[in-house]
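Q: Right, I'll just put the structure down here and ask away after.
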Amino acid sequence: IGSASAPAVTTAEITNIQATTVTGGGNVTADNGAAVTARGVCWSTTPNPTVGGIGCNHTSDGSGTGAFTSSIPGLTPNTTYYVRAYATNSVGTSYGEPKTFKTSCNSVIATITGNNTICHGDSTTLSANSSTSYLWSNHSVEKSITVSPSTSTTYSVTITNEYGCTASTSFPVTVHYGTHNVTSVTECEAYTWTSGTGLTYTESGTHIYY
């Protein structure tokens with residue numbers, strides 16, 4: 001097979017991009033005089049991946065010439081990859097032109113737990129679900145915040161996971177004030193209220209507010 005040479009192969013466009021999988025493939029357009037015994041795609045987070053290269057993975061998608069489709073699994077979310085089709089015959093291995101893609105973010109859900117109703121002067125601790133980093137609307141970067149709003153306020157948090165994927169949510173905290181002339185009542189452990197004469201009173205125990 002002295003006149004034979006390595007196969008001719010092109011790389012297909014990357015489609016169906018998900019957080020951990022994509023679809024690729026290629027087309028072996030000529031065997032160049034020696035039967036194609038292996039074909040597929042190889043990919044890596046560094047350019048120009050090769051079969052057997054450090055940090056590279058590859059599929060095995062049959063043999064011979066013609067188009068083929070490759071399922072590329074086990075990817076990291078929100079990450080840039082490089083992929084090339086390859087084809088091998090007895091002369092050697094050829095590669096198609098490189099393609100680049102970035103996986104999508106995985107599903108991230110942000111939640112906040114804590115008391116959503118407090119008496120004026122009280123505080124509540126709001127906690128986000130576990131993640132890698134946090135940014136609250138009051139600029140805190142901790143997982144939990146303790147707040148004592150003077151008026152009803154909505155707090156929000158954006159969480160970021162280990163892949164750099166984010167999600168946000170909000171949490172309203174309602175603040176109640178006490179008064180002499182109530183129209184609806186709810187029990188509360190402690191509060192401060194101001195009378196119609198402008199005097200401020202503090203009470204403890206069970207009392208009413210609205």
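Letters A, B, ... mark the chains of the structure tokens in the order given; residue numbers begin at 1 per chain; ligand numbers begin at 1, in order shown.
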Determine, counting only C-alpha atoms, which protein, DNA and RNA residues have an atom within 6 Å of an atom of range 141-149 of chain A; residues of the same chain fewer than 2 positions away are not included. Present the result as a PyMOL selection string.

A: chain A and resi 122-128+134-135+151

Q: Create the file for the chosen residues now, containing C-alpha atoms and written as a PDB file, in the first residue's frame.

A:
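Writing the result to result_39.pdb gives the following:
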ATOM      1  CA  ASP A 122     -37.039  42.392  66.110  1.00  0.00           C
ATOM      2  CA  SER A 123     -34.605  40.638  63.776  1.00  0.00           C
ATOM      3  CA  THR A 124     -34.732  37.545  61.594  1.00  0.00           C
ATOM      4  CA  THR A 125     -32.030  35.367  60.075  1.00  0.00           C
ATOM      5  CA  LEU A 126     -32.364  34.581  56.378  1.00  0.00           C
ATOM      6  CA  SER A 127     -30.403  31.666  54.938  1.00  0.00           C
ATOM      7  CA  ALA A 128     -29.743  30.727  51.323  1.00  0.00           C
ATOM      8  CA  TYR A 134     -23.521  34.320  47.682  1.00  0.00           C
ATOM      9  CA  LEU A 135     -24.387  37.971  47.058  1.00  0.00           C
ATOM     10  CA  THR A 151     -40.212  48.746  57.523  1.00  0.00           C
TER      11      THR A 151
END

Q: List the spatial neighbours of Tyr86 in chain A as a list in words - criterion: any atom at most 7 Å away, only C-alpha atoms, same-chain residues fewer than 4 positions off excluded.

A: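 Here the answer would be Val9, Arg39, Gly40, Val41, Thr93, Ser94, Tyr95 and Gly96 of chain A.
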
Q: Can you work out the spacing between CA of Ala8 in chain A and CA of Arg84 in chain A in Å, to one decimal?

A: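 Interatomic distance here is 12.7 Å.
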
Q: Neighbouring residues of range 98-102 of chain A were defined as those with any atom within 8 Å, considering only C-alpha atoms; residues of the same chain fewer than 2 positions away were excluded. Please report them as a tab-separated table (two decimals) with all heavy atoms, in the first residue's frame.

A:
chain	number	residue	atom	x	y	z
A	11	THR	N	-14.90	17.65	10.39
A	11	THR	CA	-15.59	17.67	11.69
A	11	THR	C	-16.97	18.30	11.52
A	11	THR	O	-17.10	19.36	10.91
A	11	THR	CB	-14.79	18.49	12.71
A	11	THR	OG1	-13.46	17.96	12.81
A	11	THR	CG2	-15.45	18.43	14.09
A	13	GLU	N	-20.54	20.13	12.78
A	13	GLU	CA	-20.89	21.17	13.74
A	13	GLU	C	-21.42	20.52	15.03
A	13	GLU	O	-22.03	19.46	15.00
A	13	GLU	CB	-21.94	22.11	13.18
A	13	GLU	CG	-21.47	22.92	11.97
A	13	GLU	CD	-20.33	23.87	12.31
A	13	GLU	OE1	-20.30	24.36	13.47
A	13	GLU	OE2	-19.50	24.12	11.43
A	14	ILE	N	-21.17	21.18	16.14
A	14	ILE	CA	-21.66	20.69	17.43
A	14	ILE	C	-23.11	21.14	17.62
A	14	ILE	O	-23.44	22.31	17.44
A	14	ILE	CB	-20.77	21.22	18.57
A	14	ILE	CG1	-19.31	20.82	18.33
A	14	ILE	CG2	-21.27	20.68	19.91
A	14	ILE	CD1	-19.08	19.33	18.22
A	17	ILE	N	-26.40	21.21	22.50
A	17	ILE	CA	-25.48	21.52	23.60
A	17	ILE	C	-26.25	21.58	24.91
A	17	ILE	O	-27.17	22.38	25.08
A	17	ILE	CB	-24.76	22.84	23.33
A	17	ILE	CG1	-23.91	22.73	22.06
A	17	ILE	CG2	-23.88	23.23	24.52
A	17	ILE	CD1	-23.26	24.03	21.63
A	47	PRO	N	-6.81	23.31	23.08
A	47	PRO	CA	-6.96	23.21	21.62
A	47	PRO	C	-6.28	21.99	21.02
A	47	PRO	O	-5.37	21.39	21.59
A	47	PRO	CB	-6.30	24.51	21.13
A	47	PRO	CG	-6.33	25.44	22.29
A	47	PRO	CD	-6.19	24.58	23.50
A	48	ASN	N	-6.77	21.61	19.84
A	48	ASN	CA	-6.21	20.54	19.02
A	48	ASN	C	-6.06	19.21	19.76
A	48	ASN	O	-4.97	18.65	19.88
A	48	ASN	CB	-4.85	20.97	18.44
A	48	ASN	CG	-4.97	22.20	17.57
A	48	ASN	OD1	-5.90	22.32	16.77
A	48	ASN	ND2	-4.04	23.13	17.73
A	78	ASN	N	-20.87	24.77	31.85
A	78	ASN	CA	-20.34	26.12	31.70
A	78	ASN	C	-18.84	26.12	31.40
A	78	ASN	O	-18.07	26.91	31.95
A	78	ASN	CB	-20.62	26.93	32.97
A	78	ASN	CG	-20.49	28.43	32.76
A	78	ASN	OD1	-20.76	28.94	31.69
A	78	ASN	ND2	-20.07	29.14	33.80
A	79	THR	N	-18.42	25.22	30.51
A	79	THR	CA	-17.00	25.03	30.22
A	79	THR	C	-16.77	25.02	28.71
A	79	THR	O	-17.57	24.45	27.96
A	79	THR	CB	-16.49	23.71	30.82
A	79	THR	OG1	-16.68	23.74	32.24
A	79	THR	CG2	-15.02	23.49	30.52
A	80	THR	N	-15.68	25.62	28.25
A	80	THR	CA	-15.33	25.64	26.84
A	80	THR	C	-14.52	24.40	26.47
A	80	THR	O	-13.57	24.03	27.19
A	80	THR	CB	-14.52	26.90	26.50
A	80	THR	OG1	-15.33	28.05	26.77
A	80	THR	CG2	-14.09	26.91	25.04
A	81	TYR	N	-14.91	23.76	25.38
A	81	TYR	CA	-14.22	22.56	24.88
A	81	TYR	C	-13.81	22.74	23.42
A	81	TYR	O	-14.39	23.54	22.70
A	81	TYR	CB	-15.14	21.34	24.99
A	81	TYR	CG	-15.33	20.81	26.38
A	81	TYR	CD1	-16.37	21.27	27.18
A	81	TYR	CD2	-14.47	19.84	26.91
A	81	TYR	CE1	-16.55	20.79	28.47
A	81	TYR	CE2	-14.64	19.36	28.20
A	81	TYR	CZ	-15.68	19.83	28.96
A	81	TYR	OH	-15.86	19.35	30.24
A	82	TYR	N	-12.83	21.93	23.04
A	82	TYR	CA	-12.38	21.85	21.65
A	82	TYR	C	-12.58	20.41	21.18
A	82	TYR	O	-12.30	19.46	21.93
A	82	TYR	CB	-10.90	22.23	21.54
A	82	TYR	CG	-10.61	23.61	22.09
A	82	TYR	CD1	-10.36	23.79	23.44
A	82	TYR	CD2	-10.61	24.72	21.26
A	82	TYR	CE1	-10.11	25.06	23.96
A	82	TYR	CE2	-10.35	25.99	21.76
A	82	TYR	CZ	-10.10	26.15	23.11
A	82	TYR	OH	-9.86	27.39	23.63
A	83	VAL	N	-13.06	20.24	19.96
A	83	VAL	CA	-13.35	18.90	19.45
A	83	VAL	C	-12.90	18.79	18.00
A	83	VAL	O	-12.99	19.76	17.23
A	83	VAL	CB	-14.86	18.57	19.59
A	83	VAL	CG1	-15.71	19.54	18.80
A	83	VAL	CG2	-15.16	17.13	19.19
A	84	ARG	N	-12.40	17.60	17.64
A	84	ARG	CA	-12.03	17.30	16.26
A	84	ARG	C	-12.46	15.87	15.92
A	84	ARG	O	-12.37	14.97	16.76
A	84	ARG	CB	-10.52	17.41	16.03
A	84	ARG	CG	-9.94	18.78	16.26
A	84	ARG	CD	-8.55	18.93	15.65
A	84	ARG	NE	-7.56	18.10	16.31
A	84	ARG	CZ	-6.28	18.02	15.94
A	84	ARG	NH1	-5.85	18.71	14.88
A	84	ARG	NH2	-5.42	17.25	16.59
A	85	ALA	N	-12.93	15.69	14.70
A	85	ALA	CA	-13.17	14.33	14.22
A	85	ALA	C	-11.83	13.70	13.85
A	85	ALA	O	-10.87	14.39	13.50
A	85	ALA	CB	-14.10	14.37	13.01
A	96	GLY	N	-10.01	16.24	11.53
A	96	GLY	CA	-10.76	17.30	10.88
A	96	GLY	C	-10.47	18.64	11.51
A	96	GLY	O	-9.71	18.75	12.48
A	104	SER	N	-23.72	24.41	28.47
A	104	SER	CA	-24.64	25.30	29.17
A	104	SER	C	-24.51	25.13	30.68
A	104	SER	O	-23.85	24.19	31.16
A	104	SER	CB	-26.08	25.02	28.73
A	104	SER	OG	-26.42	23.68	29.04

Q: Given only C-alpha atoms as the basis, pick out the residue of A:Val51, A:Thr111, A:Cys42, A:Pro172 nearest to Ile72 in chain A.

A: A:Cys42

Q: Could you give me, as a PDB file with N, CA, C and O atoms, in the first residue's frame, the residues within 9 Å of Ser156 in chain A, counting only C-alpha atoms and dropping anything in the same chain fewer than 3 positions from it?

A:
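Written file, selection_29.pdb:
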ATOM      1  N   ILE A 112     -34.519  30.834  49.872  1.00  0.00           N
ATOM      2  CA  ILE A 112     -34.233  31.542  51.117  1.00  0.00           C
ATOM      3  C   ILE A 112     -35.204  31.034  52.170  1.00  0.00           C
ATOM      4  O   ILE A 112     -36.400  30.909  51.911  1.00  0.00           O
ATOM      5  N   LEU A 135     -24.374  36.517  47.057  1.00  0.00           N
ATOM      6  CA  LEU A 135     -24.387  37.971  47.058  1.00  0.00           C
ATOM      7  C   LEU A 135     -25.815  38.418  47.353  1.00  0.00           C
ATOM      8  O   LEU A 135     -26.730  38.209  46.552  1.00  0.00           O
ATOM      9  N   TRP A 136     -25.988  39.016  48.544  1.00  0.00           N
ATOM     10  CA  TRP A 136     -27.298  39.485  48.970  1.00  0.00           C
ATOM     11  C   TRP A 136     -27.529  40.923  48.521  1.00  0.00           C
ATOM     12  O   TRP A 136     -26.587  41.654  48.217  1.00  0.00           O
ATOM     13  N   SER A 137     -28.779  41.332  48.549  1.00  0.00           N
ATOM     14  CA  SER A 137     -29.127  42.696  48.162  1.00  0.00           C
ATOM     15  C   SER A 137     -28.583  43.727  49.145  1.00  0.00           C
ATOM     16  O   SER A 137     -28.491  44.912  48.811  1.00  0.00           O
ATOM     17  N   ASN A 138     -28.214  43.306  50.369  1.00  0.00           N
ATOM     18  CA  ASN A 138     -27.579  44.228  51.314  1.00  0.00           C
ATOM     19  C   ASN A 138     -26.045  44.136  51.235  1.00  0.00           C
ATOM     20  O   ASN A 138     -25.343  44.589  52.126  1.00  0.00           O
ATOM     21  N   SER A 168     -31.103  33.393  41.192  1.00  0.00           N
ATOM     22  CA  SER A 168     -31.497  34.429  42.154  1.00  0.00           C
ATOM     23  C   SER A 168     -32.913  34.187  42.649  1.00  0.00           C
ATOM     24  O   SER A 168     -33.722  33.557  41.962  1.00  0.00           O
ATOM     25  N   THR A 169     -33.192  34.700  43.845  1.00  0.00           N
ATOM     26  CA  THR A 169     -34.548  34.651  44.377  1.00  0.00           C
ATOM     27  C   THR A 169     -34.713  35.789  45.375  1.00  0.00           C
ATOM     28  O   THR A 169     -33.727  36.417  45.781  1.00  0.00           O
ATOM     29  N   SER A 170     -35.948  36.071  45.763  1.00  0.00           N
ATOM     30  CA  SER A 170     -36.217  37.152  46.711  1.00  0.00           C
ATOM     31  C   SER A 170     -37.110  36.647  47.835  1.00  0.00           C
ATOM     32  O   SER A 170     -37.777  35.609  47.710  1.00  0.00           O
ATOM     33  N   PHE A 171     -37.136  37.410  48.934  1.00  0.00           N
ATOM     34  CA  PHE A 171     -37.845  36.984  50.141  1.00  0.00           C
ATOM     35  C   PHE A 171     -38.377  38.223  50.852  1.00  0.00           C
ATOM     36  O   PHE A 171     -37.603  39.028  51.374  1.00  0.00           O
ATOM     37  N   PRO A 172     -39.694  38.421  50.895  1.00  0.00           N
ATOM     38  CA  PRO A 172     -40.244  39.597  51.569  1.00  0.00           C
ATOM     39  C   PRO A 172     -40.319  39.391  53.085  1.00  0.00           C
ATOM     40  O   PRO A 172     -40.730  38.333  53.548  1.00  0.00           O
TER      41      PRO A 172
END

Q: With DSSP run on the backbone, what are the strand (DSSP E or B) residues within range 30-184 of chain A? I'd like them as a PyMOL selection string.

A: chain A and resi 30+38-44+57-58+66-72+80-88+93-95+99-102+112-113+117-119+124-128+133-136+144-147+153-160+166-176

Q: Calculate how many Å separate CA of Gly164 in chain A from CA of Ala19 in chain A, rounding to one decimal.

A: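 Separating CA of Gly164 in chain A from CA of Ala19 in chain A is a distance of 12.1 Å.
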
Q: Quick one: of A:Gly114, A:Gly24, A:Gly53, A:Gly33, who's nearest to Thr69 in chain A, counting only C-alpha atoms?

A: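 Nearest candidate to Thr69 in chain A out of A:Gly114, A:Gly24, A:Gly53, A:Gly33: A:Gly24.
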
Q: Could you state the separation of CA of Thr45 in chain A and CA of Ser90 in chain A in Å, given to one decimal place?

A: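 Those two atoms sit 28.6 Å apart.
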
Q: So which one's closest to Ser5 in chain A, A:Val22, A:Asn89, A:Thr113, A:Ser152? Using only C-alpha atoms, please.

A: A:Asn89
